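Report on one structure; see the data block that follows.
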Amino acid sequence: MAQKKRVLMICLGNICRSPIAEAVFSDQINKLGLTDSWEVESAALIGYHTGKNPDHRATATLKEKGITNYSHKARPITADDFVKFDWIFGMDNNNIRELHDMKPSNSTAKIELLGKYDPEGETIIRDPYYDNNSAGFHKAYEQCVRSISAFLAQHKDNK
């Protein structure tokens, strides 16, 4: 059996965008029967929310969209993650800059914007944390679905 491909979703605090992306990726590989081929996790650039659950609006959005079996505790990215994962996806250009700045010399992970795969061309998944409602979380979810579906379709030969 081939080794699983591993994906790490990154955002600033690991309680909004990256947990949504992790849950969507997990849901997609389950639906496509690819759990033997792919693994996904998420982490933060900063440790401010370490150990916390995702933002209640992120969890509510996932539940509204039918992803009900997701649980997660925020954690910061580690130097080992740059070797352990095949892809590390940031949600915006600041995430990508930070990832490149902290990348160790032995890194083997490909660092990319998740939105690079969005067929609608929305490359930046904006942080909805400071929004007063859930609209930004719904938008982030939709962007993640489009981007992850396209990424998996492009890499379907890796199963």
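Ligands are numbered from 1 in the order shown, chains are lettered A, B, ... in the order of the structure tokens, and residues start at 1 in each chain.
Within segment 33-105 of chain A, the backbone-based DSSP assignment of alpha helix (DSSP H) covers His56, Arg57, Ala58, Thr59, Ala60, Thr61, Leu62, Lys63, Glu64, Asp81, Phe82, Val83, Lys84, Asn93, Asn94, Asn95, Ile96, Arg97, Glu98, Leu99, His100, Asp101 and Met102 of chain A.
The residue that comes closest to Gly90 of chain A, out of A:Tyr129, A:Ser18, A:Gly121, A:Lys5 and on the basis of only C-alpha atoms, is A:Ser18.
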For segment 123-127 of chain A: contacts at 12 Å, only C-alpha atoms, fewer than 6 positions along chain excluded, given as an MDAnalysis selection string: chainID A and resid 9:18 20:21 55 58 89:96 112:117 134:147
Nearest residue to Lys110 of chain A from the set A:Asn132, A:Ile148, A:Val83, A:Thr78 (distances using only C-alpha atoms): A:Val83
